[in-house]
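Pasting protein.txt here (compact mmCIF, C-alpha atoms and all ligand atoms):
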```txt
# COMPACT_ATOMS: atom_id res chain seq x y z
CA MET A 1 -54.59 41.91 -8.59
CA THR A 2 -52.95 43.37 -5.45
CA ASP A 3 -51.85 39.96 -4.20
CA LEU A 4 -50.53 39.03 -7.61
CA THR A 5 -48.70 42.38 -7.80
CA THR A 6 -46.97 41.71 -4.49
CA PHE A 7 -46.22 38.16 -5.62
CA ALA A 8 -44.78 39.39 -8.96
CA HIS A 9 -42.56 42.00 -7.34
CA GLY A 10 -41.13 39.58 -4.79
CA LEU A 11 -40.60 36.72 -7.24
CA PRO A 12 -36.85 36.04 -7.68
CA LYS A 13 -36.09 36.77 -11.31
CA ALA A 14 -33.41 37.56 -13.86
CA GLU A 15 -33.65 40.60 -16.07
CA LEU A 16 -32.11 39.99 -19.49
CA HIS A 17 -33.29 42.89 -21.63
CA LEU A 18 -32.43 46.17 -20.02
CA HIS A 19 -30.59 49.10 -21.57
CA LEU A 20 -28.63 50.93 -18.89
CA GLU A 21 -29.03 54.16 -20.84
CA GLY A 22 -32.77 53.49 -20.80
CA THR A 23 -32.82 53.71 -17.00
CA LEU A 24 -31.98 57.43 -16.95
CA GLU A 25 -34.80 58.88 -14.87
CA PRO A 26 -35.46 62.64 -15.28
CA GLU A 27 -34.39 63.33 -11.67
CA LEU A 28 -30.96 61.77 -12.25
CA LYS A 29 -30.73 63.52 -15.60
CA PHE A 30 -31.11 66.87 -13.85
CA ALA A 31 -28.56 65.94 -11.18
CA LEU A 32 -25.98 64.88 -13.78
CA ALA A 33 -26.67 67.97 -15.91
CA ALA A 34 -26.01 70.17 -12.86
CA ARG A 35 -22.83 68.24 -11.98
CA ASN A 36 -21.48 68.53 -15.53
CA GLY A 37 -22.68 72.04 -16.35
CA VAL A 38 -24.99 70.84 -19.13
CA GLU A 39 -27.86 73.16 -20.07
CA LEU A 40 -31.12 71.23 -20.61
CA ALA A 41 -34.01 72.41 -22.78
CA GLN A 42 -36.53 71.11 -20.22
CA LYS A 43 -36.59 72.61 -16.74
CA THR A 44 -38.92 70.25 -14.85
CA VAL A 45 -39.53 66.51 -14.59
CA GLU A 46 -42.98 67.09 -16.12
CA GLU A 47 -41.45 68.89 -19.09
CA VAL A 48 -39.04 66.00 -19.63
CA ARG A 49 -41.84 63.44 -19.44
CA ALA A 50 -43.92 65.50 -21.89
CA THR A 51 -41.27 64.72 -24.54
CA TYR A 52 -41.92 60.96 -24.11
CA ASP A 53 -44.39 60.90 -26.95
CA PHE A 54 -43.39 57.80 -28.88
CA THR A 55 -45.25 56.12 -31.70
CA ASP A 56 -42.54 53.78 -32.90
CA LEU A 57 -38.94 52.74 -32.35
CA THR A 58 -37.55 55.63 -34.41
CA SER A 59 -39.43 58.31 -32.46
CA PHE A 60 -38.32 56.71 -29.18
CA LEU A 61 -34.66 56.68 -30.26
CA ALA A 62 -34.91 60.36 -31.25
CA VAL A 63 -35.56 61.19 -27.56
CA TYR A 64 -33.30 58.49 -26.11
CA TYR A 65 -29.93 59.42 -27.66
CA PRO A 66 -29.90 63.19 -26.97
CA ALA A 67 -30.71 62.53 -23.29
CA MET A 68 -27.38 60.70 -22.92
CA ASP A 69 -25.49 63.96 -23.30
CA VAL A 70 -25.52 64.38 -19.50
CA LEU A 71 -23.44 61.19 -19.11
CA ARG A 72 -19.84 62.36 -19.18
CA THR A 73 -17.67 60.68 -16.56
CA ALA A 74 -17.05 57.23 -15.10
CA GLU A 75 -18.86 58.43 -11.97
CA ASP A 76 -21.95 59.28 -14.06
CA PHE A 77 -22.04 55.78 -15.57
CA HIS A 78 -21.60 54.28 -12.13
CA ASP A 79 -24.43 56.37 -10.69
CA LEU A 80 -26.77 55.45 -13.54
CA ALA A 81 -26.17 51.71 -13.19
CA TRP A 82 -26.25 51.84 -9.41
CA ALA A 83 -29.64 53.57 -9.41
CA TYR A 84 -31.02 50.87 -11.72
CA LEU A 85 -29.53 48.02 -9.69
CA GLN A 86 -31.13 49.30 -6.49
CA ARG A 87 -34.54 49.54 -8.18
CA ALA A 88 -34.12 46.13 -9.74
CA ALA A 89 -33.24 44.57 -6.38
CA ALA A 90 -36.42 46.08 -4.93
CA GLU A 91 -38.43 44.30 -7.68
CA GLY A 92 -36.99 40.84 -7.05
CA VAL A 93 -34.13 40.88 -9.55
CA VAL A 94 -31.29 38.65 -8.30
CA HIS A 95 -29.41 38.44 -11.59
CA THR A 96 -29.28 40.85 -14.52
CA GLU A 97 -27.50 41.00 -17.86
CA MET A 98 -27.49 44.67 -18.80
CA PHE A 99 -27.02 46.22 -22.24
CA PHE A 100 -24.89 49.28 -22.76
CA ASP A 101 -24.26 51.35 -25.91
CA PRO A 102 -20.60 52.45 -25.88
CA GLN A 103 -20.79 53.98 -29.37
CA ALA A 104 -23.45 56.43 -28.18
CA HIS A 105 -20.77 57.78 -25.82
CA THR A 106 -17.47 57.34 -27.67
CA SER A 107 -19.02 59.14 -30.65
CA ARG A 108 -19.47 62.16 -28.31
CA GLY A 109 -15.86 62.02 -27.17
CA VAL A 110 -16.35 60.03 -23.95
CA PRO A 111 -13.53 57.48 -23.58
CA PHE A 112 -14.59 53.82 -23.78
CA ASP A 113 -12.64 53.19 -20.58
CA ASP A 114 -14.75 55.69 -18.60
CA VAL A 115 -18.00 54.06 -19.76
CA VAL A 116 -17.03 50.51 -18.96
CA THR A 117 -15.13 51.30 -15.77
CA GLY A 118 -18.05 53.25 -14.36
CA TYR A 119 -20.55 50.53 -15.17
CA HIS A 120 -18.23 47.83 -13.87
CA ARG A 121 -17.87 49.59 -10.50
CA ALA A 122 -21.65 49.45 -10.10
CA VAL A 123 -21.64 45.75 -11.02
CA VAL A 124 -19.10 44.98 -8.29
CA ARG A 125 -20.97 47.12 -5.78
CA ALA A 126 -24.30 45.40 -6.55
CA GLY A 127 -22.77 42.03 -5.76
CA ARG A 128 -21.36 43.26 -2.47
CA GLU A 129 -24.12 45.53 -1.20
CA LEU A 130 -27.31 44.17 -2.75
CA GLY A 131 -26.52 40.51 -3.35
CA VAL A 132 -27.49 41.09 -6.99
CA SER A 133 -25.34 39.46 -9.64
CA ALA A 134 -24.90 41.62 -12.73
CA GLU A 135 -23.22 41.24 -16.10
CA LEU A 136 -22.58 43.68 -18.95
CA VAL A 137 -23.59 43.07 -22.58
CA LEU A 138 -22.05 45.43 -25.13
CA CYS A 139 -24.51 46.40 -27.88
CA PHE A 140 -23.46 47.61 -31.31
CA LEU A 141 -25.55 50.41 -32.78
CA ARG A 142 -26.90 48.91 -36.00
CA ASP A 143 -27.48 52.31 -37.62
CA MET A 144 -23.72 52.92 -37.51
CA SER A 145 -21.34 51.11 -39.85
CA ALA A 146 -20.11 47.54 -39.48
CA GLU A 147 -16.56 48.96 -39.45
CA HIS A 148 -17.40 51.12 -36.43
CA ALA A 149 -18.89 48.08 -34.68
CA MET A 150 -15.73 46.09 -35.42
CA SER A 151 -13.46 48.81 -34.05
CA THR A 152 -15.67 49.01 -30.94
CA LEU A 153 -15.29 45.26 -30.52
CA MET A 154 -11.50 45.68 -30.74
CA GLU A 155 -11.67 48.44 -28.12
CA ALA A 156 -13.60 46.08 -25.84
CA LEU A 157 -11.10 43.22 -25.97
CA PRO A 158 -8.95 44.43 -23.04
CA TYR A 159 -12.16 44.50 -20.93
CA LYS A 160 -13.29 41.01 -21.93
CA ARG A 161 -13.53 39.71 -18.40
CA TRP A 162 -16.06 42.44 -17.55
CA ILE A 163 -18.29 41.88 -20.61
CA ILE A 164 -20.17 38.60 -20.95
CA GLY A 165 -21.60 39.07 -24.42
CA VAL A 166 -22.45 41.35 -27.29
CA GLY A 167 -25.77 42.43 -28.77
CA LEU A 168 -27.23 44.57 -31.52
CA ASP A 169 -29.66 47.43 -30.98
CA SER A 170 -30.90 50.81 -32.28
CA ASP A 171 -32.85 51.36 -35.51
CA GLU A 172 -33.52 48.10 -37.35
CA ARG A 173 -35.02 49.78 -40.42
CA GLY A 174 -32.52 49.32 -43.26
CA ASN A 175 -30.02 47.72 -40.86
CA PRO A 176 -30.53 43.95 -40.99
CA PRO A 177 -28.39 41.69 -38.83
CA SER A 178 -26.53 40.37 -41.90
CA LYS A 179 -24.71 43.74 -41.97
CA PHE A 180 -22.87 42.55 -38.83
CA ASP A 181 -22.10 38.92 -39.74
CA ALA A 182 -18.34 39.45 -39.59
CA VAL A 183 -18.57 41.37 -36.29
CA PHE A 184 -20.59 38.58 -34.66
CA ALA A 185 -18.23 35.93 -36.03
CA ARG A 186 -15.26 37.75 -34.52
CA ALA A 187 -17.09 38.30 -31.22
CA ARG A 188 -17.87 34.59 -31.06
CA ALA A 189 -14.23 33.73 -31.79
CA GLU A 190 -13.20 36.04 -28.93
CA GLY A 191 -15.43 34.12 -26.54
CA PHE A 192 -18.39 36.49 -26.18
CA LEU A 193 -21.94 35.15 -26.00
CA LEU A 194 -24.25 36.58 -28.65
CA THR A 195 -27.66 38.17 -28.74
CA ALA A 196 -29.42 40.56 -31.12
CA HIS A 197 -32.50 42.73 -31.16
CA CYS A 198 -35.20 41.67 -33.58
CA ASP A 199 -37.60 44.48 -32.79
CA ILE A 200 -41.38 44.27 -33.06
CA ASP A 201 -43.14 44.60 -36.44
CA GLN A 202 -40.13 45.78 -38.39
CA GLU A 203 -39.84 45.51 -42.13
CA GLY A 204 -38.21 42.12 -42.58
CA SER A 205 -38.72 41.06 -38.94
CA ILE A 206 -39.20 37.39 -39.75
CA ALA A 207 -36.23 37.27 -42.16
CA ASN A 208 -34.08 38.98 -39.53
CA ILE A 209 -35.10 36.50 -36.83
CA GLY A 210 -34.35 33.63 -39.22
CA HIS A 211 -30.94 35.13 -39.95
CA VAL A 212 -29.85 35.62 -36.33
CA VAL A 213 -31.01 32.12 -35.40
CA ARG A 214 -29.87 30.13 -38.44
CA GLU A 215 -26.88 32.08 -39.76
CA ILE A 216 -25.38 34.03 -36.85
CA GLY A 217 -26.32 31.37 -34.31
CA VAL A 218 -27.20 33.72 -31.45
CA ASP A 219 -27.57 32.45 -27.89
CA ARG A 220 -30.69 34.56 -27.34
CA VAL A 221 -33.05 36.86 -29.26
CA ASP A 222 -34.15 40.25 -27.93
CA HIS A 223 -37.88 40.82 -28.53
CA GLY A 224 -38.29 38.39 -31.47
CA THR A 225 -42.04 38.11 -30.97
CA ASN A 226 -42.66 38.18 -34.74
CA VAL A 227 -41.33 34.61 -34.84
CA VAL A 228 -45.04 33.66 -34.58
CA GLU A 229 -45.22 34.32 -38.35
CA ASP A 230 -43.21 31.16 -39.12
CA ASP A 231 -44.17 27.87 -37.44
CA ALA A 232 -40.96 26.11 -38.46
CA LEU A 233 -38.91 28.87 -36.87
CA VAL A 234 -41.00 28.74 -33.69
CA GLU A 235 -40.22 25.03 -33.49
CA LEU A 236 -36.52 25.61 -34.05
CA VAL A 237 -36.38 28.32 -31.36
CA ALA A 238 -38.23 26.04 -28.92
CA GLU A 239 -36.03 23.04 -29.78
CA ARG A 240 -32.83 25.00 -29.23
CA GLY A 241 -34.17 26.43 -25.97
CA LEU A 242 -33.39 29.94 -27.19
CA GLY A 243 -34.57 32.65 -24.84
CA LEU A 244 -36.78 35.42 -26.22
CA THR A 245 -36.46 38.57 -24.12
CA CYS A 246 -39.91 40.13 -24.42
CA CYS A 247 -40.78 43.57 -23.07
CA PRO A 248 -44.57 43.98 -22.97
CA VAL A 249 -44.78 47.57 -21.71
CA SER A 250 -42.14 48.72 -24.19
CA ASN A 251 -44.13 47.03 -26.96
CA SER A 252 -47.15 49.10 -26.06
CA PHE A 253 -45.13 52.29 -26.60
CA VAL A 254 -43.41 51.43 -29.87
CA THR A 255 -46.39 49.59 -31.40
CA GLU A 256 -50.11 49.72 -30.69
CA GLN A 257 -50.12 46.92 -28.16
CA MET A 258 -48.22 44.79 -25.69
CA LYS A 259 -48.29 41.77 -28.01
CA ALA A 260 -49.63 39.81 -25.05
CA ASP A 261 -51.36 37.18 -27.24
CA GLU A 262 -48.14 36.50 -29.11
CA ILE A 263 -46.03 36.37 -25.93
CA VAL A 264 -48.41 34.07 -24.07
CA GLY A 265 -48.98 31.95 -27.20
CA LEU A 266 -45.24 31.39 -27.55
CA LEU A 267 -44.99 30.56 -23.85
CA SER A 268 -47.67 27.90 -24.22
CA ARG A 269 -45.86 26.45 -27.25
CA GLY A 270 -42.80 25.80 -25.09
CA VAL A 271 -40.68 28.74 -26.22
CA ARG A 272 -38.38 30.10 -23.51
CA VAL A 273 -40.16 33.43 -23.24
CA THR A 274 -38.93 35.91 -20.63
CA VAL A 275 -40.34 39.25 -19.46
CA ASN A 276 -38.17 42.34 -19.10
CA SER A 277 -38.34 46.13 -18.98
CA ASP A 278 -36.16 47.37 -21.93
CA ASP A 279 -35.97 51.13 -21.17
CA PRO A 280 -37.91 51.48 -17.92
CA ALA A 281 -37.28 55.18 -17.30
CA TYR A 282 -38.97 55.94 -20.62
CA PHE A 283 -41.75 53.36 -20.58
CA GLY A 284 -42.70 53.79 -16.93
CA ALA A 285 -42.37 50.20 -15.70
CA TYR A 286 -39.47 48.24 -14.26
CA VAL A 287 -39.43 44.47 -14.54
CA GLY A 288 -41.97 43.73 -11.80
CA GLY A 289 -44.33 46.19 -13.46
CA ASN A 290 -43.91 44.32 -16.74
CA TYR A 291 -44.87 41.00 -15.10
CA VAL A 292 -47.96 42.67 -13.65
CA ALA A 293 -48.93 44.45 -16.90
CA LEU A 294 -48.71 41.20 -18.87
CA ALA A 295 -50.63 39.31 -16.19
CA GLU A 296 -53.43 41.90 -16.27
CA GLN A 297 -53.60 41.98 -20.05
CA ALA A 298 -53.50 38.21 -20.58
CA ASP A 299 -55.22 37.12 -17.37
CA LEU A 300 -52.20 35.19 -16.10
CA GLY A 301 -51.99 33.60 -12.67
CA ALA A 302 -49.17 33.01 -10.21
CA GLU A 303 -48.13 29.73 -11.88
CA ASP A 304 -47.61 31.53 -15.20
CA LEU A 305 -45.44 34.13 -13.51
CA VAL A 306 -43.42 31.37 -11.88
CA GLN A 307 -42.85 29.86 -15.35
CA LEU A 308 -41.66 33.24 -16.64
CA ALA A 309 -39.25 33.59 -13.71
CA VAL A 310 -37.92 30.06 -14.25
CA ASN A 311 -37.48 30.88 -17.94
CA SER A 312 -35.51 34.00 -17.04
CA PHE A 313 -32.90 31.82 -15.33
CA GLU A 314 -33.03 29.14 -18.04
CA ALA A 315 -32.29 31.82 -20.64
CA ALA A 316 -29.63 33.58 -18.53
CA TRP A 317 -25.93 33.11 -19.16
CA LEU A 318 -25.28 31.27 -15.91
CA THR A 319 -23.33 28.15 -14.94
CA PRO A 320 -25.58 25.08 -14.48
CA ALA A 321 -25.06 25.15 -10.69
CA ARG A 322 -26.03 28.80 -10.32
CA ARG A 323 -28.99 28.35 -12.65
CA ALA A 324 -30.27 25.42 -10.59
CA ALA A 325 -29.84 27.37 -7.34
CA TYR A 326 -31.83 30.33 -8.65
CA ILE A 327 -34.60 28.11 -9.99
CA ALA A 328 -34.82 26.38 -6.61
CA GLN A 329 -35.19 29.85 -5.05
CA VAL A 330 -38.15 30.56 -7.37
CA HIS A 331 -39.90 27.34 -6.36
CA GLU A 332 -39.25 27.98 -2.66
CA TYR A 333 -40.72 31.46 -3.00
CA ALA A 334 -43.80 30.11 -4.82
CA ALA A 335 -44.30 27.34 -2.24
CA ALA A 336 -44.06 29.80 0.64
CA ALA A 337 -46.64 32.07 -1.03
CA ARG A 338 -49.23 29.28 -1.45
N1 LIG B 401 -32.17 50.89 -27.72
C1 LIG B 401 -32.78 51.02 -26.54
N2 LIG B 401 -33.93 50.33 -26.53
C2 LIG B 401 -34.04 49.74 -27.74
C3 LIG B 401 -34.99 48.89 -28.34
N3 LIG B 401 -36.06 48.45 -27.69
N4 LIG B 401 -34.78 48.50 -29.59
C4 LIG B 401 -33.69 48.89 -30.25
N5 LIG B 401 -32.76 49.67 -29.73
C5 LIG B 401 -32.93 50.11 -28.48
ZN ZN B 402 -34.12 46.75 -26.23
```
Take the structure I supplied and represent it as structure tokens, if you would.
Amino acid sequence: MTDLTTFAHGLPKAELHLHLEGTLEPELKFALAARNGVELAQKTVEEVRATYDFTDLTSFLAVYYPAMDVLRTAEDFHDLAWAYLQRAAAEGVVHTEMFFDPQAHTSRGVPFDDVVTGYHRAVVRAGRELGVSAELVLCFLRDMSAEHAMSTLMEALPYKRWIIGVGLDSDERGNPPSKFDAVFARARAEGFLLTAHCDIDQEGSIANIGHVVREIGVDRVDHGTNVVEDDALVELVAERGLGLTCCPVSNSFVTEQMKADEIVGLLSRGVRVTVNSDDPAYFGAYVGGNYVALAEQADLGAEDLVQLAVNSFEAAWLTPARRAAYIAQVHEYAAAAR
């Protein structure tokens, strides 16, 4: 596996399912707490990691949101995104479309402008210093009201040129995508691209996937692996070339398994499956690690990983010329490795 690990980490790829707030490593958390005078309950990295005891999405989110309290200033948001972008570059990421959760910060009194300005500075810096292209995707927290999502969308309008699309995340239980129909319609009218989480094994997963695909008309689905329950929907997703942003290591934390059979099965049925890291600081693997974990679990070879990397660019929100250039880069890399 060592050769395949090296191959997977060097493979040029796009990361399309990554929560910036999910990249907060304990070391940075301590540094930001010290800078902002925030008292933390845990005193060591080991103590922080000991709280990462997740059995499902809800128990993960219960650890995830309180940790964000150390993020206070534009500089903090810059530092968080910059740390991720450097790690991503080291794992072959050349393009990334990164989620952020403004409501998790504005609801604590942090101005929207500080969040987006800090993240945007890291985006610009990544282009200049790392040669990594990065975009921001604003996610609405689905366990907050549709009205709050709409007012967040209004707050985002002056920053439109810095935000490529909108998504939907947080706790799916009791919060189906239909709750946000009007918000998505307005976001579409404002020119944003659309995506939405359809988390793994949720109550109503298959109905929610059907809704985002058929009614909201998303441009991508985050997770969405439960689509396997409905053959007609699998065909529709394949026909439309909709990307599914799968996160195998994350799956193994919030459910009992990586869902490798489902992911690889969808790939072989022609669905545009991609592999991503979700919340790598919490789940212990960045995107290269997710390629390797899936390869080990499902016995994939280099050609499968190449297909996943190609899919990542096919599913990315790129111009046709840039997409073609990145895909050519993947094939050149694979040819050189043979
Ligand atoms: N927020 C961060 N990670 C998430 C996930 N995997 N699902 C829903 N909301 C999230
Ligand atoms: Zn996610």
What separation in Å, quoted to one decimal, exists between CA of Leu80 (chain A) and CA of Lys13 (chain A)?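 So the answer is 21.0 Å.
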May I ask you to write as a PyMOL selection string all residues lying at most 9 Å from ligand LIG 401 (chain B), with all atoms listed in the file counted? chain A and resi 17-22+57-58+60-61+64-65+99-101+139+141-142+168-172+197-200+222-223+247+250-251+254+278-279
Could the residues in this selection be written to a file with C-alpha atoms, as a short mmCIF file (atom, residue, chain, number, x, y, z; two decimals), keeping the file's coordinate frame?
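Saved file out14.cif follows:
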```cif
data_model
loop_
_atom_site.label_atom_id
_atom_site.label_comp_id
_atom_site.auth_asym_id
_atom_site.auth_seq_id
_atom_site.Cartn_x
_atom_site.Cartn_y
_atom_site.Cartn_z
CA HIS A 17 -33.29 42.89 -21.63
CA LEU A 18 -32.43 46.17 -20.02
CA HIS A 19 -30.59 49.10 -21.57
CA LEU A 20 -28.63 50.93 -18.89
CA GLU A 21 -29.03 54.16 -20.84
CA GLY A 22 -32.77 53.49 -20.80
CA LEU A 57 -38.94 52.74 -32.35
CA THR A 58 -37.55 55.63 -34.41
CA PHE A 60 -38.32 56.71 -29.18
CA LEU A 61 -34.66 56.68 -30.26
CA TYR A 64 -33.30 58.49 -26.11
CA TYR A 65 -29.93 59.42 -27.66
CA PHE A 99 -27.02 46.22 -22.24
CA PHE A 100 -24.89 49.28 -22.76
CA ASP A 101 -24.26 51.35 -25.91
CA CYS A 139 -24.51 46.40 -27.88
CA LEU A 141 -25.55 50.41 -32.78
CA ARG A 142 -26.90 48.91 -36.00
CA LEU A 168 -27.23 44.57 -31.52
CA ASP A 169 -29.66 47.43 -30.98
CA SER A 170 -30.90 50.81 -32.28
CA ASP A 171 -32.85 51.36 -35.51
CA GLU A 172 -33.52 48.10 -37.35
CA HIS A 197 -32.50 42.73 -31.16
CA CYS A 198 -35.20 41.67 -33.58
CA ASP A 199 -37.60 44.48 -32.79
CA ILE A 200 -41.38 44.27 -33.06
CA ASP A 222 -34.15 40.25 -27.93
CA HIS A 223 -37.88 40.82 -28.53
CA CYS A 247 -40.78 43.57 -23.07
CA SER A 250 -42.14 48.72 -24.19
CA ASN A 251 -44.13 47.03 -26.96
CA VAL A 254 -43.41 51.43 -29.87
CA ASP A 278 -36.16 47.37 -21.93
CA ASP A 279 -35.97 51.13 -21.17
#
```
Using CA of Thr44 (chain A) and CA of Arg87 (chain A) as the two end points, give the distance in Å to one decimal. 22.2 Å
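Using all atoms listed in the file, the nearest neighbour of Thr245 (chain A) within the list A:Ala321, A:Glu203, A:Ala14, A:Ile216 is A:Ala14.
Between CA of Val94 (chain A) and CA of Val132 (chain A) the separation is 4.7 Å.
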Selection near Thr225 (chain A), 12 Å with only C-alpha atoms, sequence-local residues under 3 positions removed, as a VMD selection string: chain A and resid 197 to 202 205 to 206 208 to 209 221 to 222 228 to 230 233 to 234 237 243 to 248 251 258 to 267 271 to 275
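Proximity ranking of A:Leu16, A:His95, A:Glu25, A:Phe30 relative to ligand ZN 402 (chain B) places A:Leu16 first, based on only C-alpha atoms and all ligand atoms.
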From the options A:His211, A:Lys160, A:Arg220, A:Arg338, which residue's atoms come nearest to Pro176 (chain A), counting all atoms listed in the file?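 Nearest to Pro176 (chain A): A:His211.
Using only C-alpha atoms, the shortest contact distance between Ala207 (chain A) and any of A:Ala189, A:Glu303, A:Pro177, A:Ala89 is found at A:Pro177.
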